[in-house]
Every structure is written in structure tokens, then in C-alpha cells.
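Enquirer: Before I ask anything, let me first share the structure, which is written out below as C-alpha cells.
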Amino acid sequence: MSKLRLNGVSKAYGATLALRRGDLEVAAGEVHVLMGSNGSGKSTLCKIIAGSVRPDGGQILINDKPVTISGPQSARVAGIGIFYQELSLASHRSVEENICLSALPVKAGLFVDRAALKARAARYIALFLEVAGEGFHAEALVGNLRADQRQLVEIMKALASEAPILIFDEPTSALDRAQVDRFFEILRDLKGQGRGIIFISHRMDEITAIGDRVTIIRDGETIETLKLSETNPATVIRLMVGGASDMPAARSSAPAVVQTGAKAAISVRNLSGKGFRDVSFEVAKGEILGLGGLHGQGQSALLRAIFGAGTVTSGEVTIGGERYDARSPRDAIRRGCAYVSGDRGRDGVISGRPIIENVTPIHYLRDRLMVARPSSLRDKAMPALEAMHTKFASLFHPINSLSGGNQQKVIIARWLIDRPDVLLLDDPTKGIDLQAKADLFALIRQLAAEGLGILLYSSEDAELLGNANRILVFNGGSVTRELTGDDRTRYNLYQAAYEAA
Amino acid sequence: MSAITSFFKQPLIVALILIVALLYLGQSLSPGFASADQILRLLIVASLLGIVAAGQNVVILGGREGIDLSVGGVVSLSAIIAGNVMNGADGGILPAVLACLTAGAFFGLLNGLGVTLLRIPPLVMTLGMLGVLQGLLVVIRQGIPSGRAAPGLSAFVTQPFAFGIPGIIWLWIAIGLFMALMLNRTVFGHRIYAIGSNEHAAYMAGVPVRLMRIGLFMISGMFAAIAGLCLLGYSGSSFANVGEQYMLSSIIAVVFGGTSLAGGKGGYTGTMAGALLLVILQGILTTVNIDESGRQMVFGATLLLLMLFYGRGRAMRA
């Protein structure tokens, strides 16, 4: 008998098909692993089961009976508990209250029954007591805990639902070895009780340690379900990558000119900071260095730190041979650094203001301007916008009147009036259309040919493989592998990203 | 149809229509309300409010819940400083101006430092500063006569200066031009809008956000100080809490003029219309014998009403 079965579940967001066809069968007493790359549809699938996203089509069966899950509350009633990847804790409340938050014990129909709450929470706290570390106790405020301890609370909260079907979406990302081992022991207990468990992780070693079966999702479609005892990591990765996985990146895609003789455009030695550690590399003038790996392995943190918007604890950066410590983006810009973020709504767009004011801020700073004369600014802004093939009616229309792709072009154009020496690209094509992507990469290669040193992080592997001369693969905040020449294949990239260091 | 509706939805247009309507109403309630002399007097009073509102305007435009509740305290303090420095002598005008500007800039600096370095929300910081200023006023005034305006200053505020129009109105027009140029044609102005619209993006584009914000509070303090000086010229001598009314009315004038309380949107031209509108409203309320407390109630209700029209949805949400 299957605990949970999904038949052809689908979900579209506007024109984007997040989940084309999801088929999944979770048996009682098994840990079922979901694997797929960023944006393949895993999270959408989990959210559908947990009731926070409503599917457009398909069928959900629990214990072989069709059910309709209309919201998180109805999922809970149907017997589904979920661990959320983005933690959902109340930081000003205590550990025990958080654990019981979804079903506070009540007496007289009105008052919180503190004794019952304490007793219930204590059961789950006891499970992890030996591995939780210092400062962890029932009355501690969640906001004062370390990241790994907060993740443990989230796990306890999911366990406290006592649901027959449990979903864990990357529950181990912050945990240390001992905590993971303890968690896996608990999962094995739950298996023994006949619960159905869905488990998502990007660590191949964990998956083989705890999983019974694995279902692979690629491009919004569940491809295949395998018994983990009858397969090996290479097969799983090949299925995730899909066809043509061993083809090296097209040779023509690598820009030709790399000025190796000259001083490096930027060099980074033993740089550590919040989110990354001991990173070293050099980028030659004219080179595009790709940063690869799974999302959030330190690539963005590194780029922001170089730009002066993050924290550096040790190590050094030199630009054009000179020591460089940016304390703020303002410093970094003056020293010839440019940074383009994929999160343009937060980092880039000055919303509600005219296009021209969105193109000129870097020019103001680098030319130390005081007066903003529209006519001379127009002469500066137009060539930069045209280099990006930006479509707009007038420089004085608000930037919000443009499409996402054109907004991003405006943000990039602001760096083109006064050329930087180093360009930091932090997933720059997120949420923009294909034409804009093509325009953007044509420009990036042209800039490289002009002698800029370029660092490119992209969550789309095709962009890295197609544009970077070299790729550094990040795992857990440090570089675990460097791919050059013919080694730059999808397969190698995935393998380096998913294999534990 | 939609072009016409959007034209009438522009705050500046709404304000101008309301100004004409209110003048008409005032004239019908009390003949002579809209006479040339009366309108000049209203303009003088509006100038005082408009000058305070100029500072309030830039602080609000700078966003992050920017607001300066201490302007009233600075106006009162400045009037007392000016009165004591000049003490009825024309020769004391220049030193008084310098003293007032310094005081205004100083309290603005404190506000700015509190908001940026200590991360105190502007609402709390400037409200606290207002309390400090009110206490300071009590201390200063103990046993000391509050001083008198110099005749030159009084003439500047109340007597025709050029083309039959008092100097303070010319000053207000000059400030209007200055603000328009600053906001639209200088890098500083563009940066005000940038930090008000998206502070983080501005920071990532190299805008010195903290320095800017401190500067905005200093500008606000200095405009309030100028207004305090002129207020002394208008009333002849200063009395306690003469500036109190400006806290609420300067905010209403800014919001009336179409500046969003969430920052990054609006300008000073609308604020000028807003100030004029408020002063006319005040005049009408006085004409129909509504006392000060009644006027405050009407003002408060006006602000809430305005928020309903302009501020719904986006405003005040960061």
C-alpha cells in the first residue's frame, strides 16, 4: 500500500511551467529521496503536497484514496507534516513554544496549557539533547540560537506534527556530522513505525546513507524512480543532467583573447568571510571566470564581499596588482569594480524614478559630478543603453514601465559609461527573457575582449558552460574543484556540485 | 476620459482647485476674505509654513520612514535665539541669522546621527528631540526677557519689499526655485530620490546613504530655523512654543502636495500649494470662529483623509 501517490500533478506560474508532470509514490516505511537541479520543480512538488501551492492538474492520493488539499491546514488534517527549507520559526519565542506552535495544547478551551506544552516539547528536545550543543534548552529564545540549533528546532517542529507523511526539504544544510547522524537514527525509527518520508538533499553521501528509493526530477518532470541499493551516484547524476551530458562546452564559446602576460585583473588570496572560506583565484584581463555549484554555496557571498557589501574576515584581494580592501560599494566602485545582481528589485532598480536616473549614479560618483545636466547626461547614457539594445520610449519615463529584461539592461548600462576594470556578475540573468540573455552575454564577451576581468556566477549551468573560460565549483563555501578546457562538461559540473567534498 | 481623470488626480492640480474653491467659500462666508490685502496676509503666513515644510519635504523624500517631528521645537528655539541676539537692533540681524542657522543645523545633525548611527527610527528620534527642545525653551526663558525683533526684520516680513509684495514671499519663491533646481538638476537631488525609492540599490550604486540622511535632517533643521527667525519678524516678539503648530501642519502640507510618506516620490511645488491650502483653510476656520483646538482637530482629520486618498496601499509600507 502506498502512503502517498501523485498522478500527473502540474503547476504553471503564468507562462512558466514550474511542474510539467509530477508522478510520485511514497510507500509506508520508506525514505523517498527527491533529486533535481535548481529550478527543476522539487520545491513546487513539495509545496503542492504541503498545501501551500494549489496544483493546476493531476491527482493526489493518500492511502489510495483521492484527496483535495486546499491549504496548509487541510494538509495537516490529511496527515502531512513538512520541514521548510526557509525556516518558519518565531524568533522571539522559546524553543518549546516553537515546537508546539502548529497545535498549542489548550485547557478550558481558551488558555495555553503550559504543563502539557512543556511535556510535549520535552519529548522532541530529548531526541537531540546530546548533539544540540551549548545554550540549547527548552526556554531558550529561538532568535538567540545558532543556525544549526534553529534548524534542529525546525526539525523538532516537523516531528511534533506526528504526521504519517513527513517532508524534509534540505533539513541538514546547517547541521554538523553528529547532528546529521542523530537525525538519521530518528528517521530510521520513523521508518520502522511505517511512516512515509520525503527527503530532499544535495549531498550524495547523505542520500545513499538514508534513502531507500530516489525519484529524479528534470525540467519539471519526474524522470525515473530507482532503488538506491541498485544504482550508483554516477547514474543518478547522469539522469539529472539528461542527454549530451559528456559533451565538452563548445570550443567556440570560449572567448579567444586572454591576456596572460599582463598583471591579473583581480586576484584573491585565501579570502574568508561570512558564507565562504579560503577562496583563492586569479582572473586575467580578458578572462571570464565562472563560479558554479549549487545555489547558495558561497558564490554570491564572495562576490558581494569583494564589492564591499559583505564581510571579509581574512585574506586579501588585489586589483591590477594593488592591494584592495573595499569597505563599502562606494570604495569598490571608485577602485573600478562593478557588480550586477540578479535580484534587481532589491539591489539595482531605483523604482519609480526615470530611466536616466537609473543609468547615471555610477557616472555621478566616478566623475565626482555635482550638477546633473540632462543634455550632457543624455549623451553619456544613450551609447551605454544602445550597447545593450535596450528598448525604451524616453529616458524620462519611469524604469517600472520597462519589462524585466529591459530593466536589467538599464542596470547594466549604468556600469558602461565609465568602464570598470573588474565586473562581478551575480546570477545576472535571473528572471529575464531569452533575447535579453543573449544580448547580455554578447556584451559580456565583448567587455572581456576589451580587457575586463569578469567573474560570473550563474544558477543556469548552460550559461557557465557556454561563456566561462574556467569554472570554479563551490561546495559549502569553498572551491572544491576547478574545471578547465575539455573538463567543462555538464556531467563534471554536476558531479562536483553534488559529491560531498 | 482617462487622460482627464489622471489630470485631475495629480495632487498639484487637486490642491490648486481646492485653493480656488476655498477662497470662494471664504469670500462668501465673510466678504473681504479674498481681497488683495487679505490674500497677501495669507501668503505671508503660508510662506512661514512653506519654509518649514521645505525641510520636512526633503526628510520625507529620503524615505525609510523619514519624518521630522522636531521642526516645531527648532522654530520656537530659533525665534528666541533671534530675539535675544538682535534685541530690536537692525545691526543684530546678520549675527541672528548665523546663530539660528547654526542652531538649526546642530539639532538636525543630532537627529541625523541618532537615525543613522544609533538606528533610532526617525519618528522616535525627532519626537525625543522635540521633548529636549521644549525643555530647553523652558530653561532658557526663566527670568530672561525673550527679546524683540529688529525693525528691519519686521519690515522684511510684513511690509512691501518689491512690486508691493513683502520680502518673505520673495524669499519663499526663491526657496521654491532653489528646491526645484536641487531636486531635479543636482546629483544631490537625484540621490535623495534614489535613497527614498530603494535605499539598498542606492547603497550598491555608491550613494553615501548615511551622510545623505544626516544632511537631510540638517537641511530640515536649517529651514525650520529660518522660519523661526521670520516668525519673530511677523509677531514682533517671541513667546513660548510659538512654533508648536508647525509639526503637524508641515507634514500635512507635504502630503497634500503629493509627496509619499514612504519616500522617493513627490516634490516641493506641490508642497507649496499644500501650505497655501492649509493656511486658507485655517483662515476660514478662524472666520467661522473655530478655536485653536478645533482647528487642530480639523488638521488631524485632514491628514487622515489625505492618507486615505493618496497613501493607501504603497505609502508607509517599506
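Every chain in the C-alpha cells takes a letter, A first, then B, and so on in the order presented; its residues are numbered from 1, and the ligands are numbered from 1 following the presented order.
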Mind listing the strand (DSSP E or B) residues of region 141-178 of chain B, per DSSP on the backbone, as number ranges by chain?

Expert: B: 148, 160-162, 165-166

Enquirer: Excluding same-chain residues fewer than 3 positions from Ser76 (chain B), what lies within 8 Å of it counting only C-alpha atoms, as a count of residues only?

Expert: 13

Enquirer: With DSSP run on the backbone, what are the alpha helix (DSSP H) residues within region 112-236 of chain A? I'd like them as a PyMOL selection string.

Expert: chain A and resi 114-128+147-160+177-192+204-210+233-236

Enquirer: Which chain A residues are at most 9 Å from chain B (counting only C-alpha atoms), as a PDB file with C-alpha atoms, in the first residue's frame?

Expert:
ATOM      1  CA  PHE A 307      32.258  44.522  -3.809  1.00  0.00           C
ATOM      2  CA  ALA A 309      28.802  44.765   0.613  1.00  0.00           C
ATOM      3  CA  SER A 328      31.668  49.787   1.031  1.00  0.00           C
ATOM      4  CA  PRO A 329      30.354  49.565  -2.521  1.00  0.00           C
ATOM      5  CA  ARG A 330      31.353  53.222  -2.810  1.00  0.00           C
ATOM      6  CA  ASP A 331      35.008  52.264  -2.289  1.00  0.00           C
ATOM      7  CA  ALA A 332      34.731  49.362  -4.695  1.00  0.00           C
ATOM      8  CA  ILE A 333      33.210  51.491  -7.446  1.00  0.00           C
ATOM      9  CA  ARG A 334      35.979  54.088  -7.100  1.00  0.00           C
ATOM     10  CA  TYR A 339      28.558  44.486  -9.530  1.00  0.00           C
ATOM     11  CA  ARG A 344      17.469  43.739  -9.377  1.00  0.00           C
ATOM     12  CA  GLY A 345      14.397  44.691  -7.353  1.00  0.00           C
ATOM     13  CA  ARG A 346      16.486  44.775  -4.198  1.00  0.00           C
ATOM     14  CA  ASP A 347      19.972  45.683  -5.416  1.00  0.00           C
ATOM     15  CA  GLY A 348      19.502  47.547  -8.650  1.00  0.00           C
ATOM     16  CA  VAL A 349      16.313  49.282  -9.648  1.00  0.00           C
ATOM     17  CA  ILE A 350      15.579  52.721  -8.215  1.00  0.00           C
ATOM     18  CA  SER A 351      11.869  52.191  -8.597  1.00  0.00           C
ATOM     19  CA  GLY A 352       9.526  54.927  -9.709  1.00  0.00           C
ATOM     20  CA  ARG A 353      12.397  57.087 -10.986  1.00  0.00           C
ATOM     21  CA  GLU A 357      18.426  58.454 -13.075  1.00  0.00           C
ATOM     22  CA  ASN A 358      18.832  54.692 -13.094  1.00  0.00           C
ATOM     23  CA  PRO A 361      24.506  57.013 -10.425  1.00  0.00           C
ATOM     24  CA  ILE A 362      27.856  55.358 -11.122  1.00  0.00           C
ATOM     25  CA  TYR A 364      27.992  60.731 -10.794  1.00  0.00           C
ATOM     26  CA  LEU A 365      30.348  59.013  -8.413  1.00  0.00           C
ATOM     27  CA  LEU A 369      29.648  65.370 -10.508  1.00  0.00           C
ATOM     28  CA  MET A 370      27.575  67.892  -8.568  1.00  0.00           C
ATOM     29  CA  VAL A 371      25.189  69.108 -11.233  1.00  0.00           C
ATOM     30  CA  ALA A 372      23.010  66.817 -13.306  1.00  0.00           C
ATOM     31  CA  ARG A 373      22.518  68.434 -16.711  1.00  0.00           C
ATOM     32  CA  PRO A 374      20.020  66.388 -18.696  1.00  0.00           C
TER      33      PRO A 374
END

Enquirer: For the atom pair CA of Val214 (chain A) and CA of Pro66 (chain A), what is the interatomic distance in Å to one decimal place?

Expert: 23.4 Å

Enquirer: Residues near Ala132 (chain A), anyone? I mean within 8 Å using only C-alpha atoms, not counting same-chain ones fewer than 2 positions away, as a PyMOL selection string.

Expert: chain A and resi 128-130+134+136+149+152+179

Enquirer: For the residues in that selection, give me C-alpha atoms as a PDB file, in the first residue's frame.

Expert:
ATOM      1  CA  PHE A 128      18.574  15.798  20.106  1.00  0.00           C
ATOM      2  CA  LEU A 129      19.783  16.781  23.557  1.00  0.00           C
ATOM      3  CA  GLU A 130      23.238  15.194  23.277  1.00  0.00           C
ATOM      4  CA  GLU A 134      25.743  24.736  24.257  1.00  0.00           C
ATOM      5  CA  PHE A 136      20.211  24.887  23.774  1.00  0.00           C
ATOM      6  CA  GLN A 149      20.300  24.823  16.506  1.00  0.00           C
ATOM      7  CA  LEU A 152      17.124  21.399  14.827  1.00  0.00           C
ATOM      8  CA  GLN A 179      23.597  16.072  14.396  1.00  0.00           C
TER       9      GLN A 179
END

Enquirer: Would you please work out which residue, of A:Lys191, A:Lys285, A:His363, A:Arg481, is nearest to Lys263 (chain A) when using only C-alpha atoms?

Expert: A:Lys285

Enquirer: Need the shell around region 36-40 of chain A: protein/DNA/RNA residues with any atom at most 8 Å away, counting only C-alpha atoms. Skip same-chain ones fewer than 4 positions apart. Format as a JSON list (two decimals) with N, CA and C atoms, in the first residue's frame?

Expert:
[["chain", "number", "residue", "atom", "x", "y", "z"],
["A", 18, "ALA", "N", 6.21, 25.39, -14.00],
["A", 18, "ALA", "CA", 7.13, 25.02, -12.92],
["A", 18, "ALA", "C", 7.17, 23.51, -12.76],
["A", 19, "LEU", "N", 6.04, 22.89, -12.95],
["A", 19, "LEU", "CA", 5.96, 21.43, -12.84],
["A", 19, "LEU", "C", 5.10, 20.92, -14.00],
["A", 216, "ILE", "N", 13.98, 11.12, -9.65],
["A", 216, "ILE", "CA", 14.74, 12.21, -10.25],
["A", 216, "ILE", "C", 13.80, 13.12, -11.05],
["A", 217, "ILE", "N", 13.93, 14.42, -10.78],
["A", 217, "ILE", "CA", 13.12, 15.41, -11.49],
["A", 217, "ILE", "C", 14.04, 16.21, -12.39],
["A", 218, "ARG", "N", 13.63, 16.40, -13.63],
["A", 218, "ARG", "CA", 14.40, 17.24, -14.54],
["A", 218, "ARG", "C", 13.42, 18.09, -15.35],
["A", 219, "ASP", "N", 13.68, 19.38, -15.43],
["A", 219, "ASP", "CA", 12.85, 20.30, -16.20],
["A", 219, "ASP", "C", 11.36, 20.12, -15.90],
["A", 220, "GLY", "N", 11.01, 20.00, -14.63],
["A", 220, "GLY", "CA", 9.61, 19.96, -14.24],
["A", 220, "GLY", "C", 8.94, 18.62, -14.47],
["A", 221, "GLU", "N", 9.72, 17.57, -14.71],
["A", 221, "GLU", "CA", 9.12, 16.28, -14.98],
["A", 221, "GLU", "C", 9.82, 15.20, -14.15],
["A", 240, "MET", "N", 19.97, 13.21, -13.90],
["A", 240, "MET", "CA", 19.65, 14.61, -13.60],
["A", 240, "MET", "C", 20.08, 15.53, -14.73],
["A", 294, "LEU", "N", 25.90, 24.37, -6.58],
["A", 294, "LEU", "CA", 24.51, 24.55, -6.21],
["A", 294, "LEU", "C", 24.28, 25.96, -5.70],
["A", 295, "HIS", "N", 23.02, 26.34, -5.68],
["A", 295, "HIS", "CA", 22.68, 27.68, -5.22],
["A", 295, "HIS", "C", 23.10, 27.87, -3.76],
["A", 459, "SER", "N", 23.08, 30.57, -11.90],
["A", 459, "SER", "CA", 22.38, 29.38, -11.44],
["A", 459, "SER", "C", 22.01, 28.49, -12.62]]
